[in-house]
>>> print(open('model.cif').read())   # mmCIF, C-alpha atoms
data_start
#
loop_
_atom_site.label_atom_id
_atom_site.label_comp_id
_atom_site.auth_asym_id
_atom_site.auth_seq_id
_atom_site.Cartn_x
_atom_site.Cartn_y
_atom_site.Cartn_z
CA MET Z 1 1.82 -36.92 8.48
CA GLY Z 2 3.64 -36.12 11.71
CA HIS Z 3 7.13 -36.86 10.40
CA THR Z 4 10.09 -34.45 10.45
CA PRO Z 5 10.32 -32.53 7.15
CA MET Z 6 13.18 -33.77 5.02
CA HIS Z 7 14.80 -32.77 1.77
CA THR Z 8 17.38 -34.58 -0.27
CA THR Z 9 20.91 -33.35 -0.99
CA ALA Z 10 23.32 -35.61 -2.90
CA GLY Z 11 21.10 -38.58 -2.12
CA LYS Z 12 21.02 -37.97 1.64
CA GLY Z 13 18.03 -36.93 3.74
CA VAL Z 14 18.62 -33.67 5.62
CA GLU Z 15 16.54 -32.43 8.53
CA LEU Z 16 15.18 -28.95 7.77
CA SER Z 17 14.79 -27.61 11.32
CA PRO Z 18 18.41 -26.49 11.84
CA TRP Z 19 18.18 -24.38 8.67
CA LEU Z 20 14.92 -22.59 9.43
CA PRO Z 21 14.72 -19.22 11.22
CA SER Z 22 12.97 -18.68 14.55
CA GLN Z 23 9.23 -18.32 14.07
CA VAL Z 24 9.32 -15.04 16.00
CA PRO Z 25 12.12 -12.51 15.35
CA VAL Z 26 14.81 -12.70 18.02
CA SER Z 27 14.64 -9.86 20.56
CA LEU Z 28 16.60 -9.32 23.77
CA LEU Z 29 16.04 -5.86 25.23
CA SER Z 30 13.20 -6.76 27.61
CA PRO Z 31 13.41 -9.45 30.32
CA HIS Z 32 10.59 -11.37 28.61
CA ASP Z 33 12.47 -11.29 25.31
CA ARG Z 34 15.67 -12.53 26.94
CA ALA Z 35 13.81 -15.43 28.54
CA ALA Z 36 12.11 -16.38 25.27
CA ASN Z 37 15.30 -16.28 23.19
CA GLY Z 38 17.83 -18.39 25.00
CA THR Z 39 19.71 -19.37 21.84
CA TYR Z 40 21.74 -16.17 21.66
CA GLY Z 41 23.85 -14.81 24.51
CA GLU Z 42 23.28 -11.16 25.29
CA PRO Z 43 26.14 -8.78 24.45
CA SER Z 44 28.14 -7.38 27.34
CA PRO Z 45 27.16 -4.04 28.92
CA GLU Z 46 30.37 -2.53 27.52
CA SER Z 47 29.54 -3.56 23.96
CA LEU Z 48 25.98 -2.22 24.31
CA LEU Z 49 27.33 1.10 25.56
CA THR Z 50 29.62 1.22 22.53
CA ALA Z 51 26.65 0.44 20.29
CA TYR Z 52 24.62 3.21 21.93
CA ARG Z 53 27.38 5.77 21.46
CA LYS Z 54 27.86 4.82 17.80
CA MET Z 55 24.11 4.85 17.15
CA VAL Z 56 23.77 8.36 18.59
CA LEU Z 57 26.74 9.52 16.52
CA GLY Z 58 25.43 7.72 13.44
CA ARG Z 59 22.02 9.37 13.63
CA ARG Z 60 23.54 12.82 14.02
CA PHE Z 61 25.80 12.12 11.06
CA ASP Z 62 22.77 11.00 9.03
CA GLU Z 63 20.83 14.14 9.96
CA GLN Z 64 23.78 16.31 8.97
CA ALA Z 65 24.15 14.50 5.66
CA THR Z 66 20.44 15.06 4.96
CA ALA Z 67 20.93 18.78 5.61
CA LEU Z 68 23.93 18.86 3.27
CA ALA Z 69 21.78 17.31 0.53
CA ARG Z 70 19.13 19.96 1.04
CA GLN Z 71 21.82 22.63 0.71
CA GLY Z 72 22.98 21.14 -2.58
CA ARG Z 73 26.32 19.96 -1.19
CA LEU Z 74 25.36 16.35 -1.79
CA ALA Z 75 23.76 15.17 -5.02
CA VAL Z 76 21.44 12.94 -3.00
CA HIS Z 77 21.32 11.27 0.39
CA PRO Z 78 19.60 7.94 1.15
CA SER Z 79 18.92 8.21 4.88
CA SER Z 80 19.12 5.22 7.21
CA LEU Z 81 17.10 6.98 9.93
CA GLY Z 82 15.51 4.27 12.06
CA GLN Z 83 17.92 1.55 10.93
CA GLU Z 84 20.82 2.46 13.23
CA ALA Z 85 20.72 -0.83 15.15
CA CYS Z 86 21.33 -2.76 11.92
CA GLN Z 87 24.02 -0.37 10.70
CA VAL Z 88 25.99 -0.26 13.92
CA GLY Z 89 25.37 -3.92 14.77
CA ALA Z 90 26.86 -4.97 11.43
CA ALA Z 91 29.99 -2.87 11.97
CA LEU Z 92 30.54 -4.01 15.56
CA ALA Z 93 29.99 -7.72 14.90
CA LEU Z 94 32.84 -7.84 12.38
CA ARG Z 95 36.52 -8.16 13.20
CA ALA Z 96 38.93 -5.61 11.73
CA ALA Z 97 40.19 -8.19 9.21
CA ASP Z 98 36.67 -9.11 8.01
CA TRP Z 99 35.09 -7.48 4.97
CA LEU Z 100 31.95 -5.37 4.77
CA PHE Z 101 29.99 -5.04 1.52
CA PRO Z 102 27.68 -2.01 1.86
CA THR Z 103 24.99 -0.41 -0.27
CA TYR Z 104 24.36 3.26 -0.95
CA ARG Z 105 22.19 3.46 2.21
CA ASP Z 106 24.86 2.20 4.59
CA CYS Z 107 26.93 5.30 5.34
CA VAL Z 108 26.27 4.90 9.08
CA ALA Z 109 27.81 1.43 8.90
CA LEU Z 110 30.83 2.98 7.17
CA VAL Z 111 31.48 5.63 9.81
CA SER Z 112 30.80 3.06 12.54
CA ARG Z 113 33.60 1.01 11.00
CA GLY Z 114 35.96 3.98 11.35
CA ILE Z 115 35.79 5.44 7.83
CA ASP Z 116 36.17 9.22 7.63
CA PRO Z 117 32.69 10.79 7.23
CA VAL Z 118 33.76 12.95 4.29
CA GLU Z 119 35.14 9.87 2.55
CA ALA Z 120 31.92 7.99 3.33
CA LEU Z 121 29.91 10.71 1.55
CA THR Z 122 32.23 11.11 -1.45
CA LEU Z 123 30.11 8.84 -3.67
CA LEU Z 124 26.96 10.82 -2.84
CA ARG Z 125 28.80 14.08 -3.41
CA GLY Z 126 29.72 12.91 -6.89
CA ASP Z 127 33.48 13.38 -6.50
CA ALA Z 128 34.50 9.75 -7.04
CA HIS Z 129 33.08 6.25 -7.24
CA CYS Z 130 34.54 5.56 -3.79
CA GLY Z 131 36.05 8.03 -1.37
CA TYR Z 132 37.86 5.61 0.93
CA ASP Z 133 40.53 2.95 0.47
CA PRO Z 134 38.61 -0.37 0.34
CA LEU Z 135 41.67 -2.48 1.14
CA ARG Z 136 42.69 -0.39 4.14
CA HIS Z 137 39.23 -0.43 5.65
CA ARG Z 138 38.31 -3.93 4.43
CA THR Z 139 35.13 -2.35 3.08
CA ALA Z 140 34.03 -2.71 -0.53
CA PRO Z 141 32.82 0.36 -2.46
CA GLN Z 142 29.19 1.19 -1.79
CA CYS Z 143 26.95 -0.63 -4.25
CA THR Z 144 24.10 1.24 -5.94
CA PRO Z 145 22.74 -1.54 -8.23
CA LEU Z 146 20.64 -3.84 -6.09
CA ALA Z 147 22.29 -7.09 -4.93
CA THR Z 148 25.18 -7.15 -7.42
CA HIS Z 149 27.65 -6.99 -4.53
CA ALA Z 150 26.19 -10.11 -2.87
CA ALA Z 151 28.06 -12.37 -5.28
CA HIS Z 152 31.20 -10.29 -4.76
CA ALA Z 153 30.97 -10.93 -1.01
CA THR Z 154 30.58 -14.66 -1.62
CA GLY Z 155 33.55 -14.74 -3.97
CA LEU Z 156 35.81 -12.80 -1.63
CA ALA Z 157 34.87 -14.99 1.34
CA HIS Z 158 35.62 -18.14 -0.64
CA ALA Z 159 38.92 -16.73 -1.92
CA GLU Z 160 40.04 -15.74 1.57
CA ARG Z 161 39.31 -19.26 2.80
CA LEU Z 162 41.33 -20.74 -0.07
CA LYS Z 163 44.24 -18.58 1.08
CA GLY Z 164 43.94 -20.05 4.56
CA ALA Z 165 42.53 -16.91 6.21
CA ASP Z 166 39.59 -17.01 8.63
CA THR Z 167 38.01 -13.92 7.06
CA VAL Z 168 34.23 -13.50 6.97
CA ALA Z 169 32.36 -11.25 4.53
CA LEU Z 170 29.14 -9.48 5.50
CA ALA Z 171 26.87 -8.19 2.73
CA LEU Z 172 24.22 -5.60 3.57
CA VAL Z 173 21.13 -5.74 1.36
CA GLY Z 174 17.63 -4.35 1.45
CA ASP Z 175 14.32 -6.15 1.04
CA GLY Z 176 14.11 -4.96 -2.56
CA ALA Z 177 17.42 -6.67 -3.32
CA THR Z 178 15.91 -10.06 -2.48
CA SER Z 179 13.75 -9.72 -5.61
CA GLU Z 180 16.86 -9.53 -7.81
CA GLY Z 181 18.43 -12.52 -9.50
CA ASP Z 182 21.90 -11.59 -8.23
CA PHE Z 183 20.75 -12.16 -4.66
CA HIS Z 184 19.57 -15.70 -5.38
CA GLU Z 185 22.66 -16.53 -7.41
CA ALA Z 186 24.85 -15.33 -4.53
CA LEU Z 187 22.97 -17.45 -1.98
CA ASN Z 188 23.10 -20.49 -4.22
CA LEU Z 189 26.85 -20.09 -4.78
CA ALA Z 190 27.46 -19.45 -1.08
CA GLY Z 191 25.51 -22.56 -0.14
CA VAL Z 192 27.33 -24.78 -2.63
CA LEU Z 193 30.76 -23.46 -1.60
CA ARG Z 194 29.82 -23.23 2.09
CA ALA Z 195 31.49 -19.85 1.93
CA PRO Z 196 32.05 -17.88 5.15
CA VAL Z 197 29.65 -15.09 4.22
CA VAL Z 198 26.68 -13.55 6.04
CA PHE Z 199 23.87 -11.75 4.23
CA LEU Z 200 22.05 -9.17 6.37
CA VAL Z 201 18.72 -8.15 4.85
CA GLN Z 202 17.54 -4.86 6.33
CA ASN Z 203 13.84 -5.36 5.71
CA ASN Z 204 12.58 -1.81 6.04
CA ARG Z 205 9.26 -2.74 4.41
CA TYR Z 206 9.66 -0.77 1.17
CA ALA Z 207 11.75 -1.02 -2.01
CA ILE Z 208 11.43 2.70 -2.73
CA SER Z 209 7.60 2.78 -2.88
CA VAL Z 210 6.94 -0.94 -3.40
CA PRO Z 211 5.73 -2.59 -0.17
CA LEU Z 212 7.06 -5.98 0.87
CA SER Z 213 3.63 -7.55 0.28
CA ALA Z 214 3.97 -6.77 -3.43
CA GLN Z 215 7.44 -8.34 -3.62
CA CYS Z 216 7.27 -11.61 -1.73
CA ALA Z 217 4.62 -14.19 -0.81
CA ALA Z 218 6.90 -16.19 1.52
CA PRO Z 219 6.25 -16.09 5.30
CA GLY Z 220 9.45 -14.05 5.61
CA LEU Z 221 12.57 -13.22 3.66
CA ALA Z 222 14.72 -15.35 5.98
CA TYR Z 223 12.90 -18.46 4.73
CA LYS Z 224 14.61 -18.04 1.37
CA GLY Z 225 17.82 -19.39 2.88
CA VAL Z 226 16.71 -23.00 3.24
CA GLY Z 227 16.28 -23.37 -0.52
CA TYR Z 228 19.99 -22.77 -0.95
CA GLY Z 229 21.33 -24.67 2.03
CA VAL Z 230 21.96 -21.40 3.90
CA ARG Z 231 21.33 -21.11 7.65
CA ALA Z 232 18.73 -18.45 8.35
CA GLU Z 233 17.48 -16.31 11.20
CA GLN Z 234 15.17 -13.38 11.67
CA VAL Z 235 15.75 -10.67 14.26
CA ASP Z 236 14.08 -7.55 15.59
CA GLY Z 237 16.10 -5.02 13.63
CA ASN Z 238 15.27 -2.22 16.07
CA ASP Z 239 16.72 -4.17 19.01
CA ALA Z 240 20.44 -3.39 19.00
CA ALA Z 241 21.25 -6.13 21.51
CA ALA Z 242 19.50 -8.79 19.43
CA VAL Z 243 21.04 -7.62 16.15
CA LEU Z 244 24.53 -7.69 17.66
CA ALA Z 245 23.96 -11.09 19.28
CA VAL Z 246 22.56 -12.77 16.16
CA LEU Z 247 25.15 -11.30 13.81
CA THR Z 248 28.02 -12.21 16.13
CA THR Z 249 26.75 -15.79 16.27
CA ALA Z 250 26.30 -15.98 12.50
CA ILE Z 251 29.70 -14.46 11.74
CA GLU Z 252 31.60 -16.67 14.17
CA ASP Z 253 29.76 -19.79 12.99
CA ALA Z 254 30.64 -18.94 9.38
CA ARG Z 255 34.24 -18.32 10.43
CA ALA Z 256 34.41 -21.73 12.12
CA GLY Z 257 33.28 -23.51 8.95
CA GLY Z 258 29.55 -23.65 9.58
CA GLY Z 259 28.74 -22.17 6.18
CA PRO Z 260 26.82 -19.05 5.11
CA TRP Z 261 23.97 -17.35 6.99
CA LEU Z 262 20.99 -15.26 5.90
CA VAL Z 263 19.73 -12.88 8.60
CA GLU Z 264 16.54 -10.89 8.09
CA ALA Z 265 16.34 -7.81 10.31
CA HIS Z 266 12.82 -6.41 10.69
CA THR Z 267 13.19 -2.64 10.76
CA TYR Z 268 11.75 0.50 9.17
CA ARG Z 269 12.99 3.42 7.13
CA LEU Z 270 11.62 6.40 9.04
CA GLY Z 271 12.77 8.90 6.42
CA PRO Z 272 12.27 9.04 2.65
CA HIS Z 273 13.95 6.64 0.24
CA THR Z 274 16.31 9.48 -0.66
CA SER Z 275 16.29 13.24 -0.22
CA ALA Z 276 14.39 13.39 -3.54
CA ASP Z 277 11.51 11.18 -2.31
CA ASP Z 278 8.14 11.90 -0.67
CA PRO Z 279 7.15 8.81 1.37
CA SER Z 280 3.72 10.26 2.23
CA ARG Z 281 2.65 9.36 -1.31
CA TYR Z 282 2.87 5.62 -0.69
CA ARG Z 283 2.73 4.85 3.03
CA PRO Z 284 0.27 5.93 5.74
CA ALA Z 285 1.34 8.29 8.50
CA GLU Z 286 -0.02 5.88 11.14
CA GLU Z 287 2.42 3.21 10.00
CA ALA Z 288 5.42 5.51 10.32
CA GLU Z 289 4.25 6.66 13.74
CA HIS Z 290 3.99 3.04 14.91
CA TRP Z 291 7.63 2.51 14.01
CA ARG Z 292 8.73 5.80 15.56
CA ARG Z 293 7.54 4.38 18.88
CA ARG Z 294 9.98 1.52 18.26
CA ASP Z 295 12.93 3.84 17.67
CA PRO Z 296 16.09 1.71 18.09
CA ILE Z 297 18.07 4.40 19.94
CA THR Z 298 15.26 5.16 22.38
CA ARG Z 299 14.75 1.45 23.07
CA LEU Z 300 18.43 0.82 23.76
CA GLU Z 301 18.77 3.94 25.88
CA SER Z 302 15.73 3.02 27.98
CA ALA Z 303 17.00 -0.53 28.53
CA LEU Z 304 20.48 0.63 29.51
CA ARG Z 305 19.10 3.24 31.91
CA GLU Z 306 16.82 0.67 33.55
CA ARG Z 307 19.78 -1.65 34.07
CA GLY Z 308 21.92 1.14 35.50
CA VAL Z 309 24.42 0.79 32.67
CA LEU Z 310 23.89 4.19 31.03
CA THR Z 311 24.35 7.21 33.30
CA PRO Z 312 23.02 10.67 32.47
CA GLU Z 313 26.62 11.85 32.14
CA ALA Z 314 27.42 9.11 29.61
CA ALA Z 315 24.32 9.96 27.57
CA GLU Z 316 25.24 13.66 27.56
CA SER Z 317 28.79 12.77 26.52
CA ALA Z 318 27.51 10.72 23.58
CA THR Z 319 25.31 13.61 22.44
CA ALA Z 320 28.18 16.09 22.75
CA GLU Z 321 30.49 13.81 20.79
CA ALA Z 322 27.88 13.50 18.03
CA GLU Z 323 27.42 17.29 17.83
CA ALA Z 324 31.15 17.84 17.55
CA TYR Z 325 31.30 15.18 14.84
CA ALA Z 326 28.55 16.92 12.84
CA ALA Z 327 30.19 20.32 13.26
CA ASP Z 328 33.49 18.97 11.94
CA LEU Z 329 31.69 17.42 8.97
CA ARG Z 330 29.97 20.75 8.17
CA ALA Z 331 33.23 22.65 8.34
CA ARG Z 332 35.09 20.22 6.10
CA PHE Z 333 32.26 20.10 3.57
CA ALA Z 334 32.46 23.88 3.25
CA GLU Z 335 35.85 23.40 1.59
CA ASP Z 336 35.95 22.63 -2.12
CA PRO Z 337 37.31 19.16 -2.87
CA ASP Z 338 40.77 18.90 -4.37
CA LEU Z 339 40.11 17.12 -7.67
CA THR Z 340 42.18 16.49 -10.78
CA PRO Z 341 40.78 15.42 -14.16
CA LEU Z 342 43.66 12.97 -14.57
CA ALA Z 343 42.21 10.92 -11.73
CA LEU Z 344 39.60 9.70 -14.21
CA PHE Z 345 42.19 7.24 -15.46
CA ASP Z 346 43.25 5.92 -12.06
CA HIS Z 347 42.15 2.46 -10.86
CA VAL Z 348 40.58 1.54 -14.21
CA PHE Z 349 43.10 -1.13 -15.23
CA ALA Z 350 46.02 -2.66 -13.36
CA SER Z 351 47.99 -2.24 -16.61
CA PRO Z 352 46.37 0.50 -18.74
CA PRO Z 353 45.94 -0.40 -22.44
CA PRO Z 354 47.73 1.76 -25.03
CA HIS Z 355 44.66 3.72 -26.08
CA LEU Z 356 43.94 4.76 -22.48
CA THR Z 357 47.56 5.77 -21.95
CA GLU Z 358 47.33 7.94 -25.08
CA GLN Z 359 44.10 9.56 -23.88
CA ARG Z 360 45.65 10.35 -20.51
CA ALA Z 361 48.68 11.92 -22.17
CA ALA Z 362 46.44 13.99 -24.44
CA LEU Z 363 44.44 15.28 -21.49
CA ARG Z 364 47.61 16.12 -19.56
CA ALA Z 365 48.90 18.09 -22.55
CA GLU Z 366 45.62 19.97 -22.82
CA LEU Z 367 45.60 20.82 -19.12
CA GLU Z 368 49.18 22.06 -19.33
CA GLY Z 369 48.27 24.22 -22.34
CA ARG Z 370 50.50 22.47 -24.82
#
>>> encode(input="model.cif", output="structure tokens")
Amino acid sequence: MGHTPMHTTAGKGVELSPWLPSQVPVSLLSPHDRAANGTYGEPSPESLLTAYRKMVLGRRFDEQATALARQGRLAVHPSSLGQEACQVGAALALRAADWLFPTYRDCVALVSRGIDPVEALTLLRGDAHCGYDPLRHRTAPQCTPLATHAAHATGLAHAERLKGADTVALALVGDGATSEGDFHEALNLAGVLRAPVVFLVQNNRYAISVPLSAQCAAPGLAYKGVGYGVRAEQVDGNDAAAVLAVLTTAIEDARAGGGPWLVEAHTYRLGPHTSADDPSRYRPAEEAEHWRRRDPITRLESALRERGVLTPEAAESATAEAEAYAADLRARFAEDPDLTPLALFDHVFASPPPHLTEQRAALRAELEGR
């Protein structure tokens, strides 16, 4: 009784406290929050203005994508409405040479990273498995199966370190993904290898219709890190300043050799799971309204206005930029995509086997009417 908790690794006692997350999620937007969370330095006013602009643009993009799905121009759209602080914070915390591993819900992170919005929606349109060049953008294809990309992120991070690069990989996952075996295998591997990888869990409270309480009995998802020797933290996922601060710290620590991090961002999916979902069937309206009052864009805008950082002109400019972005997306989506059936055979094998080469030749002959 009264002693510091210890666990044993390779015969050595290890103090647990450095591995455990803060008991209260890190938050920075109010003066009280900043005073209570002195571990993480607050992002600069310039970086917060950039985050605000990208969050406004990201939400307008998300709204436009939802409209396109309703019009039948997208097969489906999984909205990230309400999760913009996590999406933009993840993109801004990474360097250009780092790698992002997104899920199907992370289109706002993609456009925040500079990926063309039409290319970001190509998967959801059904035109291709990935609409952008992963190598050029250092962004893996969006992952639909839960958590399978977490091990990919770990492997890439380890491989980059073996090559002598200081690359960090950031994997975006949802709370539902933490119930999958792939997630735990990825954390275990990352901990053993001390790979420079960060796992950001966007805990939006529901895995489709399954609430977090039916998935996990732990005090929080971040506490899963200690079991694998992974540093952990939890953050207010609707506080853009805190998300950016925590992720920047985690990424730079991983880059410097500190090992992997698990960050749990407490947020909320204000919209449906996808455009085919009705969230009123499984969650109360009062709960959604509570989280609407914690809207990440409104909170950041209010804080920046109070500090004299965001002028009315700058806010109007961000809104105008977002409207122009949405208009351009609408116009380009009105055009039919330029597709070729022969593309089915591209990027399947580095060296296609004979039977695939024969099938491609047969299809070409058929298309040419021979």
>>> resolve_selection(input="model.cif", expression="the PyMOL selection byres ((chain Z and resi 273-285) around 9)", output="VMD selection string")
chain Z and resid 66 69 to 70 76 to 80 105 206 to 211 269 271 to 272 286 to 290
>>> write_last_selection(input="model.cif", atoms="C-alpha atoms", output="PDB file, in the coordinates of the input")
ATOM      1  CA  THR Z  66      20.440  15.060   4.960  1.00  0.00           C
ATOM      2  CA  ALA Z  69      21.780  17.310   0.530  1.00  0.00           C
ATOM      3  CA  ARG Z  70      19.130  19.960   1.040  1.00  0.00           C
ATOM      4  CA  VAL Z  76      21.440  12.940  -3.000  1.00  0.00           C
ATOM      5  CA  HIS Z  77      21.320  11.270   0.390  1.00  0.00           C
ATOM      6  CA  PRO Z  78      19.600   7.940   1.150  1.00  0.00           C
ATOM      7  CA  SER Z  79      18.920   8.210   4.880  1.00  0.00           C
ATOM      8  CA  SER Z  80      19.120   5.220   7.210  1.00  0.00           C
ATOM      9  CA  ARG Z 105      22.190   3.460   2.210  1.00  0.00           C
ATOM     10  CA  TYR Z 206       9.660  -0.770   1.170  1.00  0.00           C
ATOM     11  CA  ALA Z 207      11.750  -1.020  -2.010  1.00  0.00           C
ATOM     12  CA  ILE Z 208      11.430   2.700  -2.730  1.00  0.00           C
ATOM     13  CA  SER Z 209       7.600   2.780  -2.880  1.00  0.00           C
ATOM     14  CA  VAL Z 210       6.940  -0.940  -3.400  1.00  0.00           C
ATOM     15  CA  PRO Z 211       5.730  -2.590  -0.170  1.00  0.00           C
ATOM     16  CA  ARG Z 269      12.990   3.420   7.130  1.00  0.00           C
ATOM     17  CA  GLY Z 271      12.770   8.900   6.420  1.00  0.00           C
ATOM     18  CA  PRO Z 272      12.270   9.040   2.650  1.00  0.00           C
ATOM     19  CA  GLU Z 286      -0.020   5.880  11.140  1.00  0.00           C
ATOM     20  CA  GLU Z 287       2.420   3.210  10.000  1.00  0.00           C
ATOM     21  CA  ALA Z 288       5.420   5.510  10.320  1.00  0.00           C
ATOM     22  CA  GLU Z 289       4.250   6.660  13.740  1.00  0.00           C
ATOM     23  CA  HIS Z 290       3.990   3.040  14.910  1.00  0.00           C
TER      24      HIS Z 290
END
>>> residues_around(input="model.cif", residues="stretch 253-268 of chain Z", least_positions_apart="3", cutoff="7 Å", atoms="all atoms listed in the file", output="tab-separated table (two decimals) with C-alpha atoms, in the frame of the given file")
chain	number	residue	atom	x	y	z
Z	82	GLY	CA	15.51	4.27	12.06
Z	83	GLN	CA	17.92	1.55	10.93
Z	166	ASP	CA	39.59	-17.01	8.63
Z	167	THR	CA	38.01	-13.92	7.06
Z	168	VAL	CA	34.23	-13.50	6.97
Z	190	ALA	CA	27.46	-19.45	-1.08
Z	191	GLY	CA	25.51	-22.56	-0.14
Z	194	ARG	CA	29.82	-23.23	2.09
Z	195	ALA	CA	31.49	-19.85	1.93
Z	196	PRO	CA	32.05	-17.88	5.15
Z	197	VAL	CA	29.65	-15.09	4.22
Z	198	VAL	CA	26.68	-13.55	6.04
Z	199	PHE	CA	23.87	-11.75	4.23
Z	200	LEU	CA	22.05	-9.17	6.37
Z	201	VAL	CA	18.72	-8.15	4.85
Z	202	GLN	CA	17.54	-4.86	6.33
Z	203	ASN	CA	13.84	-5.36	5.71
Z	204	ASN	CA	12.58	-1.81	6.04
Z	205	ARG	CA	9.26	-2.74	4.41
Z	221	LEU	CA	12.57	-13.22	3.66
Z	222	ALA	CA	14.72	-15.35	5.98
Z	225	GLY	CA	17.82	-19.39	2.88
Z	230	VAL	CA	21.96	-21.40	3.90
Z	231	ARG	CA	21.33	-21.11	7.65
Z	232	ALA	CA	18.73	-18.45	8.35
Z	233	GLU	CA	17.48	-16.31	11.20
Z	234	GLN	CA	15.17	-13.38	11.67
Z	235	VAL	CA	15.75	-10.67	14.26
Z	236	ASP	CA	14.08	-7.55	15.59
Z	237	GLY	CA	16.10	-5.02	13.63
Z	238	ASN	CA	15.27	-2.22	16.07
Z	249	THR	CA	26.75	-15.79	16.27
Z	250	ALA	CA	26.30	-15.98	12.50
Z	291	TRP	CA	7.63	2.51	14.01
>>> atom_distance(input="model.cif", atom1="atom CA of Z:Gly308", atom2="atom CA of Z:Asp62")
28.3 Å
>>> resolve_selection(input="model.cif", expression="the PyMOL selection byres ((chain Z and resi 304) around 12)", output="PyMOL selection string")
chain Z and resi 29-30+44-53+240-241+297-303+305-312+314-315
>>> residues_around(input="model.cif", residues="Z:His129", least_positions_apart="3", cutoff="12 Å", atoms="all atoms listed in the file", output="short mmCIF file (atom, residue, chain, number, x, y, z; two decimals) with C-alpha atoms, in the frame of the given file")
data_model
loop_
_atom_site.label_atom_id
_atom_site.label_comp_id
_atom_site.auth_asym_id
_atom_site.auth_seq_id
_atom_site.Cartn_x
_atom_site.Cartn_y
_atom_site.Cartn_z
CA TYR Z 104 24.36 3.26 -0.95
CA GLU Z 119 35.14 9.87 2.55
CA ALA Z 120 31.92 7.99 3.33
CA LEU Z 121 29.91 10.71 1.55
CA THR Z 122 32.23 11.11 -1.45
CA LEU Z 123 30.11 8.84 -3.67
CA LEU Z 124 26.96 10.82 -2.84
CA ARG Z 125 28.80 14.08 -3.41
CA GLY Z 126 29.72 12.91 -6.89
CA TYR Z 132 37.86 5.61 0.93
CA ASP Z 133 40.53 2.95 0.47
CA PRO Z 134 38.61 -0.37 0.34
CA ALA Z 140 34.03 -2.71 -0.53
CA PRO Z 141 32.82 0.36 -2.46
CA GLN Z 142 29.19 1.19 -1.79
CA CYS Z 143 26.95 -0.63 -4.25
CA THR Z 144 24.10 1.24 -5.94
CA ALA Z 343 42.21 10.92 -11.73
CA LEU Z 344 39.60 9.70 -14.21
CA ASP Z 346 43.25 5.92 -12.06
CA HIS Z 347 42.15 2.46 -10.86
CA VAL Z 348 40.58 1.54 -14.21
#
>>> atom_distance(input="model.cif", atom1="atom CA of Z:Gly227", atom2="atom CA of Z:Leu20")
10.1 Å
>>> atom_distance(input="model.cif", atom1="atom CA of Z:Leu156", atom2="atom CA of Z:Val243")
23.7 Å
>>> closest_residue(input="model.cif", among="Z:Asp116, Z:Phe101, Z:Ala96, Z:Leu81", to="Z:Asp328", atoms="all atoms listed in the file")
Z:Asp116
>>> residues_around(input="model.cif", residues="Z:Ala165", least_positions_apart="5", cutoff="10 Å", atoms="all atoms listed in the file", output="ChimeraX atom specification")
/Z:97-98,157-160,255
>>> closest_residue(input="model.cif", among="Z:Val111, Z:Ala93, Z:Gly41, Z:Glu84", to="Z:Tyr325", atoms="all atoms listed in the file")
Z:Val111
>>> resolve_selection(input="model.cif", expression="the PyMOL selection byres ((chain Z and resi 100) around 8)", output="ChimeraX atom specification")
/Z:91,98-99,101-102,138-140,169-172
>>> closest_residue(input="model.cif", among="Z:His355, Z:Ala350, Z:Asp182, Z:Arg330", to="Z:Gln71", atoms="all atoms listed in the file")
Z:Arg330
>>> closest_residue(input="model.cif", among="Z:Leu74, Z:Thr39, Z:Leu212, Z:Glu366", to="Z:Pro21", atoms="all atoms listed in the file")
Z:Thr39
>>> build_atoms(input="model.cif", residues="stretch 202-210 of chain Z", atoms="N, CA and C atoms", output="compact mmCIF listing (two decimals), in the frame of the given file")
# COMPACT_ATOMS: atom_id res chain seq x y z
N GLN Z 202 18.22 -5.88 5.54
CA GLN Z 202 17.54 -4.86 6.33
C GLN Z 202 16.15 -4.66 5.72
N ASN Z 203 15.21 -5.40 6.23
CA ASN Z 203 13.84 -5.36 5.71
C ASN Z 203 13.13 -4.14 6.30
N ASN Z 204 13.22 -3.03 5.57
CA ASN Z 204 12.58 -1.81 6.04
C ASN Z 204 11.20 -1.59 5.43
N ARG Z 205 10.66 -2.67 4.85
CA ARG Z 205 9.26 -2.74 4.41
C ARG Z 205 9.00 -2.16 3.02
N TYR Z 206 9.92 -1.38 2.46
CA TYR Z 206 9.66 -0.77 1.17
C TYR Z 206 10.91 -0.79 0.29
N ALA Z 207 10.72 -1.18 -0.99
CA ALA Z 207 11.75 -1.02 -2.01
C ALA Z 207 11.37 0.23 -2.79
N ILE Z 208 11.91 1.35 -2.36
CA ILE Z 208 11.43 2.70 -2.73
C ILE Z 208 9.97 2.78 -2.31
N SER Z 209 9.02 2.67 -3.24
CA SER Z 209 7.60 2.78 -2.88
C SER Z 209 6.88 1.43 -2.92
N VAL Z 210 7.58 0.38 -3.27
CA VAL Z 210 6.94 -0.94 -3.40
C VAL Z 210 6.94 -1.64 -2.05
